[in-house]
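Chemist: Contents of target.txt (compact mmCIF, C-alpha atoms) are given next:
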# COMPACT_ATOMS: atom_id res chain seq x y z
CA MET A 714 184.27 32.11 187.57
CA GLN A 715 187.20 30.35 189.14
CA GLN A 716 189.92 29.18 186.78
CA PRO A 717 190.13 25.38 186.59
CA ILE A 718 193.22 23.88 188.14
CA THR A 719 195.37 22.29 185.46
CA VAL A 720 198.00 19.64 185.85
CA SER A 721 201.09 21.64 185.03
CA GLU A 722 204.57 20.32 184.25
CA SER A 723 205.71 20.76 187.84
CA ILE A 724 202.66 18.89 189.12
CA LEU A 725 203.34 16.06 186.68
CA GLY A 726 206.95 16.08 187.88
CA SER A 727 205.84 15.80 191.52
CA LEU A 728 203.53 12.94 190.65
CA LYS A 729 206.20 11.12 188.68
CA ASP A 730 208.57 11.50 191.64
CA THR A 731 205.91 10.03 193.93
CA SER A 732 205.41 6.90 191.86
CA PRO A 733 208.78 5.11 192.45
CA TRP A 734 208.44 5.44 196.23
CA VAL A 735 204.86 4.17 196.15
CA LYS A 736 205.88 1.19 194.01
CA PHE A 737 208.88 0.47 196.26
CA LEU A 738 206.61 0.38 199.31
CA ALA A 739 204.24 -1.91 197.39
CA ILE A 740 207.09 -4.36 196.80
CA VAL A 741 208.11 -4.20 200.47
CA CYS A 742 204.47 -4.96 201.35
CA PHE A 743 204.50 -8.00 199.06
CA VAL A 744 207.76 -9.33 200.51
CA VAL A 745 206.58 -8.87 204.11
CA SER A 746 203.27 -10.48 203.16
CA ALA A 747 205.11 -13.52 201.81
CA PHE A 748 207.18 -13.83 205.02
CA VAL A 749 204.15 -13.51 207.29
CA PHE A 750 202.26 -16.03 205.15
CA LEU A 751 205.19 -18.49 205.36
CA GLY A 752 205.38 -17.94 209.11
CA GLY A 753 201.69 -18.74 209.43
CA VAL A 754 201.99 -21.87 207.31
CA ILE A 755 205.01 -23.07 209.31
CA THR A 756 203.16 -22.42 212.57
CA VAL A 757 200.12 -24.43 211.47
CA ALA A 758 202.30 -27.21 210.02
CA GLY A 759 204.38 -27.33 213.18
CA PHE A 760 201.35 -27.82 215.35
CA ALA A 761 199.87 -30.38 212.95
CA LEU A 762 203.04 -32.45 212.73
CA GLY A 763 204.36 -31.95 216.24
CA HIS A 764 203.24 -33.45 219.51
CA GLU A 765 201.51 -30.80 221.58
CA THR A 766 200.57 -31.94 225.08
CA SER A 767 198.75 -28.89 226.39
CA PRO A 768 195.18 -28.79 225.00
CA LEU A 769 195.09 -24.99 225.26
CA ARG A 770 198.21 -24.59 223.16
CA ALA A 771 197.00 -27.21 220.69
CA VAL A 772 194.00 -25.00 219.93
CA LEU A 773 195.61 -21.57 220.18
CA GLY A 774 198.72 -22.48 218.21
CA PRO A 775 197.05 -23.26 214.87
CA ILE A 776 194.66 -20.36 215.44
CA ALA A 777 197.65 -18.04 215.77
CA GLY A 778 199.02 -19.50 212.54
CA ILE A 779 195.75 -18.97 210.71
CA VAL A 780 195.57 -15.40 212.05
CA GLU A 781 199.05 -14.83 210.64
CA ILE A 782 198.01 -16.12 207.23
CA ILE A 783 194.87 -13.98 207.20
CA SER A 784 196.76 -10.88 208.32
CA ALA A 785 199.38 -11.51 205.63
CA ALA A 786 196.58 -11.28 203.10
CA PHE A 787 194.57 -8.38 204.51
CA PHE A 788 197.23 -6.20 206.10
CA TYR A 789 200.03 -6.55 203.62
CA LEU A 790 198.99 -8.13 200.34
CA ILE A 791 195.88 -6.05 199.59
CA PRO A 792 197.41 -2.66 200.55
CA GLY A 793 200.43 -3.70 198.49
CA ILE A 794 198.19 -4.30 195.48
CA PHE A 795 196.45 -0.95 195.98
CA LEU A 796 199.80 0.82 196.31
CA LEU A 797 201.05 -0.79 193.12
CA ARG A 798 197.87 0.14 191.23
CA TYR A 799 198.17 3.73 192.47
CA GLY A 800 201.84 3.89 191.49
CA ASN A 801 201.07 2.61 187.99
CA ALA A 802 198.06 4.88 187.61
CA ILE A 803 200.26 7.92 188.35
CA LEU A 804 202.64 6.94 185.57
CA ALA A 805 199.74 6.60 183.13
CA ILE A 806 198.67 10.22 183.60
CA GLN A 807 201.17 11.78 181.24
CA ALA A 808 200.38 9.32 178.49
CA THR A 809 196.64 8.95 178.84
CA GLY A 810 195.55 12.31 180.24
CA GLN A 811 192.37 13.31 182.03
CA ALA A 812 190.86 9.87 182.61
CA ALA A 813 194.16 8.59 184.00
CA MET A 814 194.31 11.51 186.44
CA GLU A 815 190.86 10.71 187.79
CA ASP A 816 191.75 7.01 187.90
CA ALA A 817 194.92 7.70 189.88
CA LEU A 818 193.08 9.80 192.44
CA ARG A 819 190.38 7.14 192.73
CA GLN A 820 193.06 4.49 193.37
CA GLN A 821 194.53 6.71 196.05
CA LYS A 822 191.12 7.14 197.69
CA THR A 823 190.60 3.36 197.65
CA LEU A 824 193.99 2.83 199.27
CA TRP A 825 193.36 5.26 202.12
CA LYS A 826 189.81 4.08 202.67
CA TYR A 827 190.95 0.45 202.88
CA VAL A 828 193.78 1.21 205.32
CA GLY A 829 191.42 3.40 207.36
CA ILE A 830 188.74 0.71 207.58
CA PHE A 831 191.09 -2.07 208.56
CA THR A 832 192.68 0.19 211.17
CA ILE A 833 189.23 0.71 212.70
CA VAL A 834 188.60 -3.07 212.60
CA LEU A 835 192.00 -3.71 214.20
CA LEU A 836 191.42 -1.17 216.98
CA VAL A 837 187.98 -2.65 217.71
CA CYS A 838 189.56 -6.13 217.84
CA TYR A 839 192.22 -4.88 220.27
CA VAL A 840 189.60 -3.32 222.54
CA LEU A 841 187.48 -6.50 222.43
CA MET A 842 190.59 -8.60 223.17
CA ILE A 843 191.50 -6.45 226.18
CA ILE A 844 187.94 -6.61 227.50
CA GLY A 845 187.87 -10.37 226.88
CA LEU A 846 191.17 -10.84 228.70
CA ILE A 847 189.97 -8.80 231.69
CA ILE A 848 186.76 -10.82 231.89
CA PHE A 849 188.71 -14.07 231.51
CA ALA A 850 191.11 -13.04 234.27
CA ILE A 851 188.28 -12.09 236.62
CA ILE A 852 186.39 -15.33 236.00
CA TYR A 853 189.55 -17.46 236.23
CA GLY A 854 190.62 -15.69 239.40
CA SER A 855 187.26 -16.11 241.09
CA ILE A 856 187.02 -19.78 240.09
CA SER A 857 190.46 -20.77 241.33
CA HIS A 858 189.93 -19.08 244.69
CA GLN A 859 186.97 -21.26 245.71
CA MET B 568 198.66 19.45 170.95
CA ALA B 569 197.49 17.27 173.81
CA GLU B 570 194.50 18.46 175.79
CA PRO B 571 195.56 19.93 179.13
CA ILE B 572 194.72 17.78 182.13
CA VAL B 573 192.39 19.53 184.55
CA LEU B 574 191.53 18.85 188.15
CA SER B 575 187.96 17.86 187.33
CA GLU B 576 184.99 17.48 189.66
CA GLN B 577 185.48 13.71 189.86
CA ALA B 578 189.18 14.11 190.61
CA LEU B 579 188.49 16.66 193.33
CA ALA B 580 185.73 14.42 194.73
CA ALA B 581 188.14 11.48 194.94
CA LEU B 582 190.67 13.62 196.81
CA ASN B 583 188.02 14.90 199.20
CA ALA B 584 186.76 11.34 199.78
CA ALA B 585 190.27 10.20 200.71
CA ARG B 586 190.87 13.17 203.02
CA PRO B 587 188.86 12.04 206.13
CA TRP B 588 190.60 8.65 206.07
CA MET B 589 194.00 10.34 205.87
CA ARG B 590 193.19 12.58 208.82
CA PHE B 591 191.85 9.62 210.81
CA LEU B 592 195.04 7.62 210.20
CA ALA B 593 197.21 10.61 211.06
CA ILE B 594 195.40 11.09 214.38
CA VAL B 595 195.46 7.36 215.24
CA GLY B 596 199.16 7.29 214.40
CA LEU B 597 199.88 10.24 216.70
CA ILE B 598 197.89 8.62 219.54
CA LEU B 599 199.83 5.36 219.10
CA ALA B 600 203.05 7.36 219.05
CA SER B 601 202.18 8.99 222.38
CA PHE B 602 201.52 5.54 223.89
CA ALA B 603 204.88 4.37 222.61
CA VAL B 604 206.64 7.43 223.99
CA ILE B 605 205.00 6.93 227.40
CA GLY B 606 205.97 3.26 227.30
CA GLY B 607 209.54 4.14 226.43
CA LEU B 608 209.73 6.69 229.22
CA ALA B 609 208.34 4.11 231.63
CA VAL B 610 211.03 1.61 230.60
CA MET B 611 213.73 4.24 231.05
CA ALA B 612 212.37 5.35 234.45
CA GLY B 613 212.12 1.73 235.55
CA ALA B 614 215.71 1.09 234.53
CA LEU B 615 216.99 4.13 236.40
CA TYR B 616 214.95 3.93 239.59
CA SER B 617 213.98 0.33 240.08
CA PRO B 618 216.06 -1.65 242.58
CA PHE B 619 215.50 -4.73 240.42
CA PHE B 620 218.33 -4.00 238.01
CA GLN B 621 221.74 -4.72 239.44
CA GLY B 622 224.76 -3.09 237.97
CA ALA B 623 225.37 -0.19 235.67
CA THR B 624 225.42 -2.27 232.50
CA ALA B 625 221.90 -3.61 232.93
CA ARG B 626 220.58 -0.14 233.66
CA PHE B 627 222.41 1.35 230.69
CA VAL B 628 221.07 -1.30 228.33
CA ARG B 629 217.51 -0.78 229.50
CA VAL B 630 217.74 3.00 229.29
CA THR B 631 219.12 2.70 225.77
CA ILE B 632 216.34 0.35 224.75
CA GLY B 633 213.79 2.77 226.14
CA ALA B 634 215.39 5.69 224.30
CA LEU B 635 215.56 3.72 221.06
CA TYR B 636 211.91 2.79 221.41
CA ILE B 637 210.97 6.46 221.78
CA ALA B 638 213.15 7.47 218.83
CA PHE B 639 211.62 4.72 216.69
CA ALA B 640 208.14 5.85 217.67
CA ILE B 641 208.92 9.41 216.70
CA PHE B 642 210.43 8.52 213.33
CA LEU B 643 207.91 5.87 212.36
CA TYR B 644 204.72 7.48 213.64
CA VAL B 645 205.02 11.17 214.39
CA ILE B 646 206.83 12.38 211.29
CA PRO B 647 204.81 10.46 208.65
CA CYS B 648 201.57 11.36 210.42
CA LEU B 649 202.51 15.04 210.37
CA TYR B 650 203.22 14.79 206.64
CA LEU B 651 199.91 13.02 206.10
CA HIS B 652 198.01 15.58 208.13
CA ARG B 653 199.58 18.45 206.18
CA TYR B 654 198.65 16.73 202.91
CA ALA B 655 195.05 16.29 204.08
CA ARG B 656 194.94 19.96 205.09
CA ALA B 657 196.26 21.02 201.68
CA ILE B 658 193.52 18.96 199.98
CA GLN B 659 190.95 20.67 202.17
CA ASP B 660 192.12 24.04 200.86
CA LEU B 661 191.32 22.99 197.29
CA PRO B 662 189.94 24.33 194.96
CA ALA B 663 190.11 27.72 196.66
CA SER B 664 193.89 27.66 196.83
CA GLY B 665 194.02 27.13 193.07
CA GLN B 666 196.97 26.02 191.00
CA ALA B 667 199.60 26.72 193.63
CA GLY B 668 197.56 24.92 196.27
CA PHE B 669 197.28 21.81 194.13
CA GLU B 670 201.02 21.82 193.45
CA HIS B 671 201.67 22.25 197.17
CA ALA B 672 199.36 19.32 198.02
CA LEU B 673 201.09 17.00 195.58
CA THR B 674 204.53 18.04 196.80
CA LEU B 675 203.42 17.16 200.34
CA GLN B 676 202.19 13.80 199.11
CA LYS B 677 205.50 13.10 197.43
CA SER B 678 207.28 14.04 200.70
CA PHE B 679 205.11 11.59 202.61
CA TRP B 680 205.81 8.62 200.36
CA LYS B 681 209.47 9.53 199.99
CA TYR B 682 209.91 9.71 203.78
CA LEU B 683 208.26 6.29 204.24
CA GLY B 684 210.40 4.85 201.46
CA ILE B 685 213.68 6.19 202.88
CA PHE B 686 212.75 5.13 206.39
CA THR B 687 212.00 1.60 205.15
CA ILE B 688 215.35 1.43 203.35
CA VAL B 689 217.18 2.60 206.50
CA VAL B 690 215.39 0.03 208.70
CA LEU B 691 216.04 -2.80 206.22
CA SER B 692 219.72 -1.84 206.05
CA LEU B 693 219.91 -1.83 209.84
CA TYR B 694 218.34 -5.30 209.90
CA VAL B 695 220.93 -6.58 207.42
CA LEU B 696 223.80 -4.96 209.35
CA PHE B 697 222.44 -6.35 212.60
CA LEU B 698 222.20 -9.81 211.06
CA PHE B 699 225.81 -9.65 209.82
CA GLY B 700 226.98 -8.33 213.18
CA PHE B 701 225.18 -11.11 214.96
CA ILE B 702 226.65 -13.81 212.70
CA LEU B 703 230.12 -12.29 213.11
CA PHE B 704 229.71 -12.16 216.88
CA ALA B 705 228.55 -15.79 216.97
CA LEU B 706 231.52 -16.92 214.85
CA LEU B 707 234.03 -14.99 216.95
CA TYR B 708 232.49 -16.19 220.19
CA SER B 709 232.61 -19.84 219.16
CA ALA B 710 236.15 -19.44 217.82
CA ALA B 711 237.33 -17.84 221.07
CA HIS B 712 235.70 -20.51 223.21
CA THR B 713 236.74 -23.58 221.25
CA PRO B 714 239.12 -25.63 223.36
Could the structure of this file be written out as structure tokens, please?
Modeler:
Amino acid sequence: MQQPITVSESILGSLKDTSPWVKFLAIVCFVVSAFVFLGGVITVAGFALGHETSPLRAVLGPIAGIVEIISAAFFYLIPGIFLLRYGNAILAIQATGQAAMEDALRQQKTLWKYVGIFTIVLLVCYVLMIIGLIIFAIIYGSISHQ
Amino acid sequence: MAEPIVLSEQALAALNAARPWMRFLAIVGLILASFAVIGGLAVMAGALYSPFFQGATARFVRVTIGALYIAFAIFLYVIPCLYLHRYARAIQDLPASGQAGFEHALTLQKSFWKYLGIFTIVVLSLYVLFLFGFILFALLYSAAHTP
């Protein structure tokens, strides 16, 4: 029967070395999230308070701002939270033991699954946007050439 | 004495569940990197061969921007994705690779996060330096051109 793999001292050392970098990246994610959120708020406020003559820009401007706010939340804040939870869970292993080890690896799985899923969503959105733009260009081009 | 911590079934299952997502992200990252490299090469080729750019300075600036873009793509995408892919491969070898395999996997993981962390610090420092340089340039320029 195969010997179970134990978490040796060197493994614990590796994990403890991983944690500060993970937590640092989590903080960077939070800071970037705050900036992107602020940028989105300023964009929406600017369009609300300013005087926008073009009707197309008046619609697309606030939408761009709202997209920024949403992306701040989904692309930066939530991964940041997962990173922080993972970083903390790693540190808990030495103190708490077996359950903490499983918890840390579960947090890691959640992190990668989340980033993987939103990457798929993002790629699908890009493809849809490109297709939409091509269709828009074809329709616009055929209309204006009448 | 504290009970030794073991790589249990649940722990191994969590690692194996994360693995396909890691490989997916590594592959997507490498594909994006190849787009960026092609884009950078296109910018550089355009700068060198297009008749649009007059003068050596404009060409040089464009070529440099293209080269920087490629370098950035390599450091931000290719290297972390290779680390990630190696980590995913090491997880796949568990539990057959045993104790040493698990240690190896976790060392690779640490390398991945450490690389991203150091890269982020370097980029942030460059931003700060660039900001200072820009402010300095603006001050000197306005001082030199004040009548």
Chemist: Taking all atoms listed in the file into account and nothing else, which residues of chain B lie no more than 9 Å away from chain A? Please answer as a ChimeraX atom specification.
Modeler: /B:569-575,577-589,591-592,595,662-663,665-667,669-671,673-674,676-685,687
Chemist: Please produce a file of the residues just selected, as a PDB file, in the frame of the given file, where the atoms kept are C-alpha atoms.
Modeler:
ATOM      1  CA  ALA B 569     197.490  17.270 173.810  1.00  0.00           C
ATOM      2  CA  GLU B 570     194.500  18.460 175.790  1.00  0.00           C
ATOM      3  CA  PRO B 571     195.560  19.930 179.130  1.00  0.00           C
ATOM      4  CA  ILE B 572     194.720  17.780 182.130  1.00  0.00           C
ATOM      5  CA  VAL B 573     192.390  19.530 184.550  1.00  0.00           C
ATOM      6  CA  LEU B 574     191.530  18.850 188.150  1.00  0.00           C
ATOM      7  CA  SER B 575     187.960  17.860 187.330  1.00  0.00           C
ATOM      8  CA  GLN B 577     185.480  13.710 189.860  1.00  0.00           C
ATOM      9  CA  ALA B 578     189.180  14.110 190.610  1.00  0.00           C
ATOM     10  CA  LEU B 579     188.490  16.660 193.330  1.00  0.00           C
ATOM     11  CA  ALA B 580     185.730  14.420 194.730  1.00  0.00           C
ATOM     12  CA  ALA B 581     188.140  11.480 194.940  1.00  0.00           C
ATOM     13  CA  LEU B 582     190.670  13.620 196.810  1.00  0.00           C
ATOM     14  CA  ASN B 583     188.020  14.900 199.200  1.00  0.00           C
ATOM     15  CA  ALA B 584     186.760  11.340 199.780  1.00  0.00           C
ATOM     16  CA  ALA B 585     190.270  10.200 200.710  1.00  0.00           C
ATOM     17  CA  ARG B 586     190.870  13.170 203.020  1.00  0.00           C
ATOM     18  CA  PRO B 587     188.860  12.040 206.130  1.00  0.00           C
ATOM     19  CA  TRP B 588     190.600   8.650 206.070  1.00  0.00           C
ATOM     20  CA  MET B 589     194.000  10.340 205.870  1.00  0.00           C
ATOM     21  CA  PHE B 591     191.850   9.620 210.810  1.00  0.00           C
ATOM     22  CA  LEU B 592     195.040   7.620 210.200  1.00  0.00           C
ATOM     23  CA  VAL B 595     195.460   7.360 215.240  1.00  0.00           C
ATOM     24  CA  PRO B 662     189.940  24.330 194.960  1.00  0.00           C
ATOM     25  CA  ALA B 663     190.110  27.720 196.660  1.00  0.00           C
ATOM     26  CA  GLY B 665     194.020  27.130 193.070  1.00  0.00           C
ATOM     27  CA  GLN B 666     196.970  26.020 191.000  1.00  0.00           C
ATOM     28  CA  ALA B 667     199.600  26.720 193.630  1.00  0.00           C
ATOM     29  CA  PHE B 669     197.280  21.810 194.130  1.00  0.00           C
ATOM     30  CA  GLU B 670     201.020  21.820 193.450  1.00  0.00           C
ATOM     31  CA  HIS B 671     201.670  22.250 197.170  1.00  0.00           C
ATOM     32  CA  LEU B 673     201.090  17.000 195.580  1.00  0.00           C
ATOM     33  CA  THR B 674     204.530  18.040 196.800  1.00  0.00           C
ATOM     34  CA  GLN B 676     202.190  13.800 199.110  1.00  0.00           C
ATOM     35  CA  LYS B 677     205.500  13.100 197.430  1.00  0.00           C
ATOM     36  CA  SER B 678     207.280  14.040 200.700  1.00  0.00           C
ATOM     37  CA  PHE B 679     205.110  11.590 202.610  1.00  0.00           C
ATOM     38  CA  TRP B 680     205.810   8.620 200.360  1.00  0.00           C
ATOM     39  CA  LYS B 681     209.470   9.530 199.990  1.00  0.00           C
ATOM     40  CA  TYR B 682     209.910   9.710 203.780  1.00  0.00           C
ATOM     41  CA  LEU B 683     208.260   6.290 204.240  1.00  0.00           C
ATOM     42  CA  GLY B 684     210.400   4.850 201.460  1.00  0.00           C
ATOM     43  CA  ILE B 685     213.680   6.190 202.880  1.00  0.00           C
ATOM     44  CA  THR B 687     212.000   1.600 205.150  1.00  0.00           C
TER      45      THR B 687
END
Chemist: Interatomic distance between CA of Tyr644 in chain B and CA of Val695 in chain B?
Modeler: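 About the pair CA of Tyr644 in chain B and CA of Val695 in chain B: they are 22.3 Å apart.
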Chemist: Report, in Å to a single decimal, how far apart CA of Glu576 in chain B and CA of Ala672 in chain B are.
Modeler: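 Going from CA of Ala672 in chain B over to CA of Glu576 in chain B, I get 16.7 Å.
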Chemist: I want to know what sits within 8 Å of range 743-748 of chain A, based on all atoms listed in the file, with residues of the same chain fewer than 2 positions away left out; could you give that as a ChimeraX atom specification?
Modeler: /A:739-741,750-752,785-786,788-790,793
Chemist: Report, in Å to a single decimal, how far apart CA of Val630 in chain B and CA of Ala612 in chain B are.
Modeler: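 It comes out at 7.8 Å.
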Chemist: Can you tell me, as a short mmCIF file (atom, residue, chain, number, x, y, z; two decimals) with C-alpha atoms, keeping the file's coordinate frame, what residues are no more than 8 Å from Leu651 in chain B when counting only C-alpha atoms, ignoring any on the same chain fewer than 3 positions away?
Modeler:
data_model
loop_
_atom_site.label_atom_id
_atom_site.label_comp_id
_atom_site.auth_asym_id
_atom_site.auth_seq_id
_atom_site.Cartn_x
_atom_site.Cartn_y
_atom_site.Cartn_z
CA MET B 589 194.00 10.34 205.87
CA ARG B 590 193.19 12.58 208.82
CA ALA B 593 197.21 10.61 211.06
CA PRO B 647 204.81 10.46 208.65
CA CYS B 648 201.57 11.36 210.42
CA TYR B 654 198.65 16.73 202.91
CA ALA B 655 195.05 16.29 204.08
CA LEU B 675 203.42 17.16 200.34
CA GLN B 676 202.19 13.80 199.11
CA PHE B 679 205.11 11.59 202.61
#
Chemist: Tell me which protein, DNA and RNA residues are within 12 Å of range 759-764 of chain A, counting all atoms listed in the file, leaving out same-chain ones fewer than 4 positions away, and put them as a PyMOL selection string.
Modeler: chain A and resi 751-755+768+770-779
Chemist: For range 754-759 of chain A, take all atoms listed in the file, fit an axis-aligned box around them, add 3 Å to each of the six sides, then output centre and edge lengths in Å rounded to one decimal, as JSON.
Modeler:
{"center_x": 202.6, "center_y": -24.6, "center_z": 210.2, "size_x": 10.9, "size_y": 11.5, "size_z": 11.9}
Chemist: Reconstruct range 807-825 of chain A at the level of N, CA, C and O atoms, and format the result as an mmCIF file, in the frame of the given file.
Modeler:
data_model
loop_
_atom_site.group_PDB
_atom_site.id
_atom_site.type_symbol
_atom_site.label_atom_id
_atom_site.label_comp_id
_atom_site.auth_asym_id
_atom_site.auth_seq_id
_atom_site.Cartn_x
_atom_site.Cartn_y
_atom_site.Cartn_z
ATOM 1 N N GLN A 807 200.573 10.986 182.320
ATOM 2 C CA GLN A 807 201.170 11.780 181.240
ATOM 3 C C GLN A 807 200.774 11.252 179.881
ATOM 4 O O GLN A 807 200.542 11.995 178.931
ATOM 5 N N ALA A 808 200.687 9.912 179.777
ATOM 6 C CA ALA A 808 200.380 9.320 178.490
ATOM 7 C C ALA A 808 198.899 9.423 178.153
ATOM 8 O O ALA A 808 198.524 9.791 177.037
ATOM 9 N N THR A 809 198.049 9.102 179.152
ATOM 10 C CA THR A 809 196.640 8.950 178.840
ATOM 11 C C THR A 809 195.815 10.197 179.123
ATOM 12 O O THR A 809 194.768 10.378 178.532
ATOM 13 N N GLY A 810 196.247 11.046 180.049
ATOM 14 C CA GLY A 810 195.550 12.310 180.240
ATOM 15 C C GLY A 810 194.502 12.317 181.331
ATOM 16 O O GLY A 810 194.654 11.719 182.383
ATOM 17 N N GLN A 811 193.404 12.999 181.048
ATOM 18 C CA GLN A 811 192.370 13.310 182.030
ATOM 19 C C GLN A 811 191.853 12.080 182.761
ATOM 20 O O GLN A 811 191.793 12.042 183.995
ATOM 21 N N ALA A 812 191.448 11.066 182.004
ATOM 22 C CA ALA A 812 190.860 9.870 182.610
ATOM 23 C C ALA A 812 191.859 9.206 183.562
ATOM 24 O O ALA A 812 191.486 8.713 184.633
ATOM 25 N N ALA A 813 193.131 9.202 183.160
ATOM 26 C CA ALA A 813 194.160 8.590 184.000
ATOM 27 C C ALA A 813 194.312 9.354 185.302
ATOM 28 O O ALA A 813 194.554 8.777 186.364
ATOM 29 N N MET A 814 194.203 10.686 185.247
ATOM 30 C CA MET A 814 194.310 11.510 186.440
ATOM 31 C C MET A 814 193.221 11.155 187.427
ATOM 32 O O MET A 814 193.471 10.939 188.619
ATOM 33 N N GLU A 815 191.968 11.070 186.911
ATOM 34 C CA GLU A 815 190.860 10.710 187.790
ATOM 35 C C GLU A 815 191.035 9.293 188.326
ATOM 36 O O GLU A 815 190.757 9.027 189.497
ATOM 37 N N ASP A 816 191.530 8.386 187.462
ATOM 38 C CA ASP A 816 191.750 7.010 187.900
ATOM 39 C C ASP A 816 192.780 6.956 189.018
ATOM 40 O O ASP A 816 192.586 6.259 190.024
ATOM 41 N N ALA A 817 193.868 7.702 188.858
ATOM 42 C CA ALA A 817 194.920 7.700 189.880
ATOM 43 C C ALA A 817 194.378 8.176 191.212
ATOM 44 O O ALA A 817 194.635 7.572 192.262
ATOM 45 N N LEU A 818 193.601 9.264 191.188
ATOM 46 C CA LEU A 818 193.080 9.800 192.440
ATOM 47 C C LEU A 818 192.040 8.864 193.046
ATOM 48 O O LEU A 818 191.926 8.752 194.274
ATOM 49 N N ARG A 819 191.308 8.139 192.201
ATOM 50 C CA ARG A 819 190.380 7.140 192.730
ATOM 51 C C ARG A 819 191.131 6.003 193.401
ATOM 52 O O ARG A 819 190.740 5.525 194.457
ATOM 53 N N GLN A 820 192.241 5.550 192.772
ATOM 54 C CA GLN A 820 193.060 4.490 193.370
ATOM 55 C C GLN A 820 193.581 4.938 194.727
ATOM 56 O O GLN A 820 193.614 4.158 195.692
ATOM 57 N N GLN A 821 194.011 6.193 194.795
ATOM 58 C CA GLN A 821 194.530 6.710 196.050
ATOM 59 C C GLN A 821 193.448 6.676 197.126
ATOM 60 O O GLN A 821 193.688 6.268 198.266
ATOM 61 N N LYS A 822 192.220 7.127 196.737
ATOM 62 C CA LYS A 822 191.120 7.140 197.690
ATOM 63 C C LYS A 822 190.849 5.721 198.188
ATOM 64 O O LYS A 822 190.649 5.496 199.377
ATOM 65 N N THR A 823 190.844 4.737 197.265
ATOM 66 C CA THR A 823 190.600 3.360 197.650
ATOM 67 C C THR A 823 191.649 2.885 198.645
ATOM 68 O O THR A 823 191.323 2.231 199.644
ATOM 69 N N LEU A 824 192.901 3.223 198.390
ATOM 70 C CA LEU A 824 193.990 2.830 199.270
ATOM 71 C C LEU A 824 193.767 3.368 200.680
ATOM 72 O O LEU A 824 193.796 2.624 201.665
ATOM 73 N N TRP A 825 193.504 4.667 200.799
ATOM 74 C CA TRP A 825 193.360 5.260 202.120
ATOM 75 C C TRP A 825 192.116 4.760 202.830
ATOM 76 O O TRP A 825 192.126 4.523 204.036
#
